[in-house]
Amino acid sequence: MEPHFDFAPAARSLATVVAGITDDQFTAPTPCVGLDVRDLIRHVVELTEAFRQAATKESVGRSTPPGVVDDELSADWRTRIPTQLDALVEAWRVPEAWDGETEAGGVVMSAAAMAVVALDELVVHGWDLAVSTGQVLEVDPGDLGILLEFLGETDPEGTPGLFGPVVAVAEDAPALDRLLGLTGRDAGWKPPA
């Protein structure tokens, strides 16, 4: 199966945000309840590798998700995240990545659907980190269209472990605001002063 989209724009945007994070922002809150910036960076380290392995099918059938890191943030996160993002982009450019089923974090689904979940993780957590650290995330309009279609039937009550309850957004709101609302985020969220 041919790739449905390219991860490069979302990966570049996330890498740009990561590069703009300073150590003194680690304890800043994020829109993700209970997670500070350090926690979210650690999650990004994990997910970028997990979704690369979903493309290569390395993770299929493993009882423990590979690449899981402990509670400490790896010292090389500033170089590791961009490197893992580049590897993720390349892995999903291989047509076979989109074939059959694959697995990430213990969840099994079609590879094509997993790719969209991965895209959602890059874009939404990119926004989480950007807004938490005073940055702006650039999002490709094509990526927004893919994600809005994918999340169009989101349960208003949310998806436990993934998204909180949907936040109501005007139908004519910008596409990013509508996407954030579907993932249980308020597009106007700001860190407490």
# chains A, B, ... in the order shown; residues from 1 in each chain; ligands from 1

call {"tool": "residues_around", "arguments": {"residues": "Leu182 of chain A", "least_positions_apart": "5", "cutoff": "12 Å", "atoms": "only C-alpha atoms", "output": "JSON, numbers by chain"}}
result
{"A": [120, 124, 144, 147, 148, 149, 150, 151, 152, 153, 154, 155, 156, 157, 158, 159, 162, 163, 164, 165, 166, 167, 168, 169, 170, 171, 175, 176, 177, 187]}

call {"tool": "residues_around", "arguments": {"residues": "Thr48 of chain A", "least_positions_apart": "3", "cutoff": "10 Å", "atoms": "only C-alpha atoms", "output": "ChimeraX atom specification"}}
result
/A:11,43-45,51-54,67,80-89,118,121-122

call {"tool": "closest_residue", "arguments": {"among": "A:Glu103, A:Glu138, A:Asp143, A:Asp128", "to": "Ser59 of chain A", "atoms": "only C-alpha atoms"}}
result
A:Glu103

call {"tool": "select_by_dssp", "arguments": {"residues": "segment 44-152 of chain A", "states": "strand (DSSP E)", "output": "number ranges by chain"}}
result
A: 101-104, 107-110

call {"tool": "residues_around", "arguments": {"residues": "Ser13 of chain A", "least_positions_apart": "4", "cutoff": "9 Å", "atoms": "only C-alpha atoms", "output": "number ranges by chain"}}
result
A: 8-9, 17-18, 122-123, 126, 137-140

call {"tool": "closest_residue", "arguments": {"among": "A:Leu14, A:Pro95, A:Leu179, A:Glu58", "to": "Pro141 of chain A", "atoms": "only C-alpha atoms"}}
result
A:Leu179

call {"tool": "closest_residue", "arguments": {"among": "A:Thr79, A:Ser132, A:Thr56, A:Thr22", "to": "Glu96 of chain A", "atoms": "only C-alpha atoms"}}
result
A:Thr56
